[in-house]
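J.: Dropping in coords06.txt, which is compact mmCIF, N, CA and C atoms:
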```
# COMPACT_ATOMS: atom_id res chain seq x y z
N MET A 1 -133.32 -144.15 -7.14
CA MET A 1 -132.01 -144.67 -6.81
C MET A 1 -131.02 -144.38 -7.93
N ARG A 2 -131.45 -144.65 -9.19
CA ARG A 2 -130.57 -144.43 -10.33
C ARG A 2 -130.28 -142.94 -10.51
N SER A 3 -131.29 -142.09 -10.35
CA SER A 3 -131.08 -140.66 -10.52
C SER A 3 -130.15 -140.11 -9.44
N THR A 4 -130.18 -140.71 -8.25
CA THR A 4 -129.27 -140.30 -7.19
C THR A 4 -127.83 -140.61 -7.57
N ARG A 5 -127.61 -141.81 -8.15
CA ARG A 5 -126.27 -142.19 -8.59
C ARG A 5 -125.76 -141.25 -9.67
N ILE A 6 -126.65 -140.89 -10.59
CA ILE A 6 -126.25 -139.99 -11.68
C ILE A 6 -125.89 -138.63 -11.12
N ALA A 7 -126.69 -138.13 -10.18
CA ALA A 7 -126.41 -136.82 -9.58
C ALA A 7 -125.09 -136.83 -8.82
N ILE A 8 -124.83 -137.92 -8.09
CA ILE A 8 -123.58 -138.03 -7.35
C ILE A 8 -122.40 -138.11 -8.31
N SER A 9 -122.55 -138.90 -9.38
CA SER A 9 -121.48 -139.03 -10.38
C SER A 9 -121.20 -137.68 -11.04
N ALA A 10 -122.23 -136.93 -11.37
CA ALA A 10 -122.05 -135.63 -12.00
C ALA A 10 -121.34 -134.67 -11.05
N ALA A 11 -121.72 -134.72 -9.77
CA ALA A 11 -121.08 -133.84 -8.79
C ALA A 11 -119.60 -134.19 -8.63
N MET A 12 -119.28 -135.49 -8.64
CA MET A 12 -117.89 -135.91 -8.50
C MET A 12 -117.07 -135.49 -9.72
N LEU A 13 -117.66 -135.62 -10.91
CA LEU A 13 -116.95 -135.22 -12.12
C LEU A 13 -116.70 -133.71 -12.11
N GLY A 14 -117.67 -132.94 -11.64
CA GLY A 14 -117.49 -131.50 -11.54
C GLY A 14 -116.38 -131.15 -10.57
N ALA A 15 -116.31 -131.88 -9.46
CA ALA A 15 -115.26 -131.63 -8.47
C ALA A 15 -113.89 -132.00 -9.02
N LEU A 16 -113.83 -133.04 -9.85
CA LEU A 16 -112.56 -133.44 -10.44
C LEU A 16 -112.12 -132.47 -11.54
N ALA A 17 -113.08 -131.91 -12.27
CA ALA A 17 -112.74 -131.00 -13.36
C ALA A 17 -112.31 -129.63 -12.86
N LEU A 18 -112.76 -129.23 -11.69
CA LEU A 18 -112.44 -127.91 -11.16
C LEU A 18 -110.93 -127.67 -11.02
N PRO A 19 -110.15 -128.61 -10.43
CA PRO A 19 -108.71 -128.36 -10.36
C PRO A 19 -108.04 -128.28 -11.73
N VAL A 20 -108.56 -129.01 -12.70
CA VAL A 20 -107.98 -128.98 -14.04
C VAL A 20 -108.20 -127.61 -14.66
N LEU A 21 -109.42 -127.06 -14.50
CA LEU A 21 -109.70 -125.75 -15.05
C LEU A 21 -108.85 -124.67 -14.38
N SER A 22 -108.72 -124.75 -13.07
CA SER A 22 -107.94 -123.74 -12.38
C SER A 22 -106.45 -123.87 -12.71
N ALA A 23 -105.98 -125.08 -12.97
CA ALA A 23 -104.58 -125.27 -13.33
C ALA A 23 -104.28 -124.68 -14.70
N THR A 24 -105.24 -124.77 -15.62
CA THR A 24 -104.99 -124.22 -16.95
C THR A 24 -104.96 -122.72 -16.92
N THR A 25 -105.80 -122.09 -16.09
CA THR A 25 -105.77 -120.64 -16.02
C THR A 25 -104.51 -120.16 -15.31
N ALA A 26 -104.04 -120.92 -14.33
CA ALA A 26 -102.83 -120.53 -13.62
C ALA A 26 -101.60 -120.67 -14.50
N SER A 27 -101.62 -121.64 -15.41
CA SER A 27 -100.46 -121.85 -16.26
C SER A 27 -100.49 -120.97 -17.50
N ALA A 28 -101.53 -120.14 -17.65
CA ALA A 28 -101.62 -119.29 -18.82
C ALA A 28 -100.58 -118.17 -18.78
N ALA A 29 -100.07 -117.85 -17.61
CA ALA A 29 -99.04 -116.82 -17.49
C ALA A 29 -97.74 -117.33 -18.10
N PRO A 30 -96.95 -116.47 -18.72
CA PRO A 30 -95.69 -116.93 -19.32
C PRO A 30 -94.74 -117.49 -18.26
N ALA A 31 -94.11 -118.58 -18.59
CA ALA A 31 -93.20 -119.24 -17.66
C ALA A 31 -91.80 -118.64 -17.79
N PRO A 32 -91.04 -118.62 -16.71
CA PRO A 32 -89.65 -118.16 -16.81
C PRO A 32 -88.86 -119.09 -17.73
N ALA A 33 -87.81 -118.59 -18.30
CA ALA A 33 -87.02 -119.36 -19.26
C ALA A 33 -86.48 -120.64 -18.66
N ALA A 34 -86.17 -120.65 -17.37
CA ALA A 34 -85.60 -121.83 -16.73
C ALA A 34 -86.63 -122.93 -16.55
N LEU A 35 -87.93 -122.59 -16.56
CA LEU A 35 -88.97 -123.58 -16.31
C LEU A 35 -89.64 -124.08 -17.57
N THR A 36 -89.28 -123.61 -18.73
CA THR A 36 -89.91 -124.07 -19.95
C THR A 36 -89.48 -125.50 -20.24
N ALA A 37 -90.42 -126.28 -20.77
CA ALA A 37 -90.16 -127.69 -21.02
C ALA A 37 -89.31 -127.86 -22.27
N ALA A 38 -88.45 -128.84 -22.23
CA ALA A 38 -87.62 -129.17 -23.38
C ALA A 38 -88.48 -129.93 -24.39
N PRO A 39 -88.20 -129.87 -25.66
CA PRO A 39 -88.97 -130.62 -26.64
C PRO A 39 -88.86 -132.12 -26.38
N ALA A 40 -89.94 -132.85 -26.69
CA ALA A 40 -89.99 -134.28 -26.41
C ALA A 40 -89.39 -135.10 -27.53
N SER A 41 -88.49 -134.53 -28.32
CA SER A 41 -87.91 -135.24 -29.45
C SER A 41 -86.95 -136.34 -29.00
N SER A 42 -86.46 -136.29 -27.77
CA SER A 42 -85.52 -137.30 -27.30
C SER A 42 -86.18 -138.67 -27.19
N CYS A 43 -87.50 -138.71 -27.05
CA CYS A 43 -88.21 -139.99 -26.95
C CYS A 43 -88.24 -140.72 -28.29
N SER A 44 -88.29 -139.97 -29.37
CA SER A 44 -88.40 -140.61 -30.68
C SER A 44 -87.14 -141.38 -31.04
N SER A 45 -86.03 -141.08 -30.40
CA SER A 45 -84.80 -141.78 -30.71
C SER A 45 -84.71 -143.13 -29.99
N GLN A 46 -85.61 -143.38 -29.04
CA GLN A 46 -85.62 -144.65 -28.31
C GLN A 46 -86.41 -145.69 -29.09
N PRO A 47 -86.09 -146.97 -28.91
CA PRO A 47 -86.82 -148.02 -29.63
C PRO A 47 -88.27 -148.09 -29.16
N PRO A 48 -89.18 -148.54 -30.03
CA PRO A 48 -90.59 -148.63 -29.64
C PRO A 48 -90.80 -149.67 -28.54
N LEU A 49 -91.79 -149.43 -27.72
CA LEU A 49 -92.12 -150.36 -26.64
C LEU A 49 -92.90 -151.55 -27.20
N PRO A 50 -92.88 -152.68 -26.50
CA PRO A 50 -93.58 -153.87 -27.00
C PRO A 50 -95.09 -153.77 -26.86
N TYR A 51 -95.78 -154.64 -27.56
CA TYR A 51 -97.22 -154.79 -27.42
C TYR A 51 -97.47 -155.76 -26.26
N GLU A 52 -98.70 -155.74 -25.72
CA GLU A 52 -99.06 -156.63 -24.62
C GLU A 52 -100.51 -157.05 -24.76
N VAL A 53 -100.82 -158.29 -24.40
CA VAL A 53 -102.18 -158.82 -24.44
C VAL A 53 -102.97 -158.24 -23.27
N HIS A 54 -104.17 -157.69 -23.54
CA HIS A 54 -104.96 -157.13 -22.46
C HIS A 54 -106.32 -157.81 -22.30
N THR A 55 -106.43 -159.01 -22.76
CA THR A 55 -107.61 -159.83 -22.52
C THR A 55 -107.11 -161.17 -21.97
N LYS A 56 -107.99 -162.08 -21.67
CA LYS A 56 -107.56 -163.35 -21.06
C LYS A 56 -106.57 -164.10 -21.95
N ALA A 57 -106.88 -164.18 -23.24
CA ALA A 57 -105.99 -164.88 -24.18
C ALA A 57 -106.30 -164.42 -25.60
N VAL A 58 -105.30 -164.53 -26.48
CA VAL A 58 -105.45 -164.19 -27.89
C VAL A 58 -104.90 -165.35 -28.71
N THR A 59 -105.62 -165.72 -29.74
CA THR A 59 -105.20 -166.81 -30.61
C THR A 59 -104.28 -166.29 -31.70
N ILE A 60 -103.18 -166.98 -31.91
CA ILE A 60 -102.27 -166.68 -33.03
C ILE A 60 -102.78 -167.49 -34.21
N ARG A 61 -102.99 -166.83 -35.35
CA ARG A 61 -103.58 -167.49 -36.52
C ARG A 61 -102.64 -167.46 -37.71
N SER A 62 -102.87 -168.37 -38.65
CA SER A 62 -102.01 -168.49 -39.82
C SER A 62 -102.22 -167.35 -40.82
N ARG A 63 -103.41 -166.77 -40.85
CA ARG A 63 -103.72 -165.64 -41.72
C ARG A 63 -104.48 -164.59 -40.93
N ALA A 64 -104.64 -163.42 -41.50
CA ALA A 64 -105.29 -162.31 -40.81
C ALA A 64 -106.81 -162.40 -40.93
N THR A 65 -107.36 -163.51 -40.45
CA THR A 65 -108.80 -163.73 -40.44
C THR A 65 -109.16 -164.72 -39.34
N THR A 66 -110.34 -164.59 -38.79
CA THR A 66 -110.77 -165.49 -37.71
C THR A 66 -111.08 -166.89 -38.23
N LYS A 67 -111.24 -167.05 -39.52
CA LYS A 67 -111.55 -168.36 -40.09
C LYS A 67 -110.29 -169.19 -40.40
N SER A 68 -109.11 -168.62 -40.21
CA SER A 68 -107.87 -169.34 -40.50
C SER A 68 -107.47 -170.27 -39.35
N THR A 69 -106.49 -171.09 -39.60
CA THR A 69 -106.01 -172.09 -38.65
C THR A 69 -105.36 -171.43 -37.44
N ALA A 70 -105.69 -171.93 -36.25
CA ALA A 70 -105.07 -171.45 -35.01
C ALA A 70 -103.71 -172.12 -34.85
N LEU A 71 -102.68 -171.31 -34.61
CA LEU A 71 -101.32 -171.83 -34.46
C LEU A 71 -100.87 -171.88 -33.00
N GLY A 72 -101.47 -171.03 -32.17
CA GLY A 72 -101.08 -170.97 -30.77
C GLY A 72 -101.91 -169.95 -30.02
N VAL A 73 -101.59 -169.78 -28.75
CA VAL A 73 -102.32 -168.85 -27.89
C VAL A 73 -101.30 -168.08 -27.05
N ILE A 74 -101.55 -166.78 -26.88
CA ILE A 74 -100.75 -166.01 -25.94
C ILE A 74 -101.72 -165.43 -24.90
N TYR A 75 -101.24 -165.30 -23.68
CA TYR A 75 -102.11 -164.95 -22.55
C TYR A 75 -101.85 -163.54 -22.04
N ARG A 76 -102.77 -163.07 -21.19
CA ARG A 76 -102.71 -161.72 -20.62
C ARG A 76 -101.33 -161.41 -20.04
N GLY A 77 -100.86 -160.21 -20.32
CA GLY A 77 -99.57 -159.78 -19.80
C GLY A 77 -98.39 -160.18 -20.66
N HIS A 78 -98.60 -161.05 -21.64
CA HIS A 78 -97.52 -161.50 -22.52
C HIS A 78 -97.11 -160.34 -23.43
N LYS A 79 -95.83 -160.07 -23.52
CA LYS A 79 -95.33 -158.98 -24.35
C LYS A 79 -94.67 -159.54 -25.60
N PHE A 80 -94.83 -158.81 -26.71
CA PHE A 80 -94.28 -159.27 -27.99
C PHE A 80 -94.07 -158.06 -28.89
N SER A 81 -93.32 -158.27 -29.96
CA SER A 81 -93.11 -157.20 -30.93
C SER A 81 -93.87 -157.53 -32.20
N VAL A 82 -94.17 -156.51 -32.97
CA VAL A 82 -94.97 -156.67 -34.19
C VAL A 82 -94.08 -156.42 -35.40
N ALA A 83 -94.13 -157.35 -36.37
CA ALA A 83 -93.33 -157.23 -37.58
C ALA A 83 -94.05 -156.42 -38.65
N LYS A 84 -95.37 -156.62 -38.80
CA LYS A 84 -96.14 -155.87 -39.79
C LYS A 84 -97.61 -155.86 -39.40
N LYS A 85 -98.38 -155.00 -40.09
CA LYS A 85 -99.80 -154.85 -39.82
C LYS A 85 -100.59 -155.01 -41.10
N SER A 86 -101.82 -155.50 -40.96
CA SER A 86 -102.75 -155.58 -42.07
C SER A 86 -104.13 -155.26 -41.52
N GLY A 87 -104.59 -154.05 -41.75
CA GLY A 87 -105.86 -153.63 -41.16
C GLY A 87 -105.74 -153.61 -39.65
N ASN A 88 -106.60 -154.38 -38.97
CA ASN A 88 -106.56 -154.46 -37.51
C ASN A 88 -105.78 -155.69 -37.04
N TRP A 89 -105.10 -156.37 -37.92
CA TRP A 89 -104.35 -157.58 -37.58
C TRP A 89 -102.86 -157.27 -37.49
N LEU A 90 -102.17 -157.94 -36.57
CA LEU A 90 -100.75 -157.73 -36.35
C LEU A 90 -100.00 -159.05 -36.54
N TYR A 91 -98.92 -159.03 -37.32
CA TYR A 91 -98.10 -160.22 -37.53
C TYR A 91 -97.00 -160.22 -36.47
N ILE A 92 -96.98 -161.26 -35.65
CA ILE A 92 -96.05 -161.31 -34.51
C ILE A 92 -95.19 -162.57 -34.55
N THR A 93 -94.15 -162.54 -33.75
CA THR A 93 -93.36 -163.73 -33.46
C THR A 93 -93.35 -163.89 -31.95
N ASP A 94 -93.89 -164.99 -31.46
CA ASP A 94 -93.86 -165.26 -30.02
C ASP A 94 -92.47 -165.79 -29.69
N LYS A 95 -91.68 -164.99 -29.00
CA LYS A 95 -90.28 -165.35 -28.74
C LYS A 95 -90.12 -166.51 -27.77
N THR A 96 -91.14 -166.77 -26.94
CA THR A 96 -91.01 -167.89 -25.99
C THR A 96 -91.22 -169.23 -26.69
N THR A 97 -92.09 -169.27 -27.71
CA THR A 97 -92.36 -170.53 -28.40
C THR A 97 -91.85 -170.56 -29.83
N GLY A 98 -91.56 -169.38 -30.40
CA GLY A 98 -91.11 -169.31 -31.78
C GLY A 98 -92.23 -169.31 -32.80
N VAL A 99 -93.49 -169.29 -32.35
CA VAL A 99 -94.63 -169.31 -33.26
C VAL A 99 -94.78 -167.94 -33.91
N LYS A 100 -94.94 -167.94 -35.25
CA LYS A 100 -95.18 -166.71 -36.01
C LYS A 100 -96.59 -166.77 -36.55
N GLY A 101 -97.30 -165.64 -36.46
CA GLY A 101 -98.66 -165.61 -36.98
C GLY A 101 -99.34 -164.29 -36.72
N TRP A 102 -100.64 -164.26 -36.96
CA TRP A 102 -101.44 -163.05 -36.88
C TRP A 102 -102.30 -163.05 -35.63
N VAL A 103 -102.40 -161.90 -34.97
CA VAL A 103 -103.32 -161.72 -33.84
C VAL A 103 -104.18 -160.49 -34.12
N SER A 104 -105.38 -160.49 -33.57
CA SER A 104 -106.27 -159.36 -33.75
C SER A 104 -105.81 -158.19 -32.89
N GLY A 105 -105.72 -157.01 -33.48
CA GLY A 105 -105.31 -155.82 -32.76
C GLY A 105 -106.35 -155.33 -31.76
N THR A 106 -107.53 -155.91 -31.78
CA THR A 106 -108.58 -155.54 -30.84
C THR A 106 -108.22 -155.92 -29.42
N TYR A 107 -107.43 -156.96 -29.24
CA TYR A 107 -107.16 -157.52 -27.92
C TYR A 107 -105.76 -157.23 -27.39
N VAL A 108 -104.99 -156.43 -28.09
CA VAL A 108 -103.65 -156.10 -27.64
C VAL A 108 -103.45 -154.59 -27.68
N TYR A 109 -102.49 -154.10 -26.94
CA TYR A 109 -102.17 -152.69 -26.97
C TYR A 109 -100.67 -152.51 -26.84
N ARG A 110 -100.21 -151.34 -27.22
CA ARG A 110 -98.79 -151.03 -27.13
C ARG A 110 -98.55 -150.21 -25.87
N ASP A 111 -97.50 -150.55 -25.13
CA ASP A 111 -97.12 -149.76 -23.96
C ASP A 111 -96.79 -148.34 -24.42
N VAL A 112 -97.07 -147.36 -23.56
CA VAL A 112 -96.84 -145.97 -23.89
C VAL A 112 -95.69 -145.42 -23.04
N ARG A 113 -94.80 -144.71 -23.66
CA ARG A 113 -93.67 -144.11 -22.97
C ARG A 113 -93.99 -142.65 -22.69
N MET A 114 -93.82 -142.24 -21.44
CA MET A 114 -94.02 -140.83 -21.06
C MET A 114 -92.65 -140.16 -21.02
N CYS A 115 -92.46 -139.13 -21.80
CA CYS A 115 -91.18 -138.43 -21.86
C CYS A 115 -91.25 -137.16 -21.04
N THR A 116 -90.32 -137.00 -20.13
CA THR A 116 -90.31 -135.82 -19.29
C THR A 116 -89.06 -134.99 -19.46
N ASP A 117 -88.15 -135.40 -20.35
CA ASP A 117 -86.95 -134.59 -20.51
C ASP A 117 -87.14 -133.54 -21.56
```
With the file now loaded, output its structure as structure tokens.

T.:
Amino acid sequence: MRSTRIAISAAMLGALALPVLSATTASAAPAPAALTAAPASSCSSQPPLPYEVHTKAVTIRSRATTKSTALGVIYRGHKFSVAKKSGNWLYITDKTTGVKGWVSGTYVYRDVRMCTD
């Protein structure tokens, strides 16, 4: 049963990779001047996107350690900005409650901006 799942998964991955390989060979030809992509430098002029909690909840702490005092909690989907970093810890200000403190970077991520201009 398990070997059947592995074989099916491998076959599906092969089928998914095939269009990617053919797309890279098709794009190897030089593109006309009108179709060349513009440099993505216009994105760097925009402000950074906020961080967001991607686990059920994250504890805001007084110091960048799990042994420090808990000051508050932020929940999944909550967005915030980061003032500074120390290792894997991020110093934040929760704008809804005004609580300032440290959260573990393991449980949060930064939104990513895709630039197409």

J.: Measure the distance from CA of Ala70 in chain A to atom C of Pro50 in chain A in Å and round it to one decimal.

T.: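 According to the coordinates, CA of Ala70 in chain A and atom C of Pro50 in chain A are separated by 21.9 Å.
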
J.: When you count all atoms listed in the file, which of these residues is closest to Tyr51 in chain A: A:Tyr91, A:Val108, A:Arg113, A:Trp102?

T.: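 Closest candidate: A:Val108.
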
J.: Suppose you want the space between CA of Leu90 in chain A and CA of Ser104 in chain A; what is it in Å?

T.: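 Spanning CA of Leu90 in chain A to CA of Ser104 in chain A is a straight-line distance of 6.3 Å.
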
J.: Neighbourhood query: residues within 9 Å of (-106.0, -158.2, -18.8), file coordinates, counting only C-alpha atoms; return as JSON, numbers by chain.

T.: {"A": [53, 54, 55, 56, 57, 75, 76, 77]}

J.: Pull the strand (DSSP E) assignments for range 71-110 of chain A out of DSSP run on the backbone, and list those residues as a ChimeraX atom specification.

T.: /A:71-75,79-80,82-86,89-93,100-104,108-110
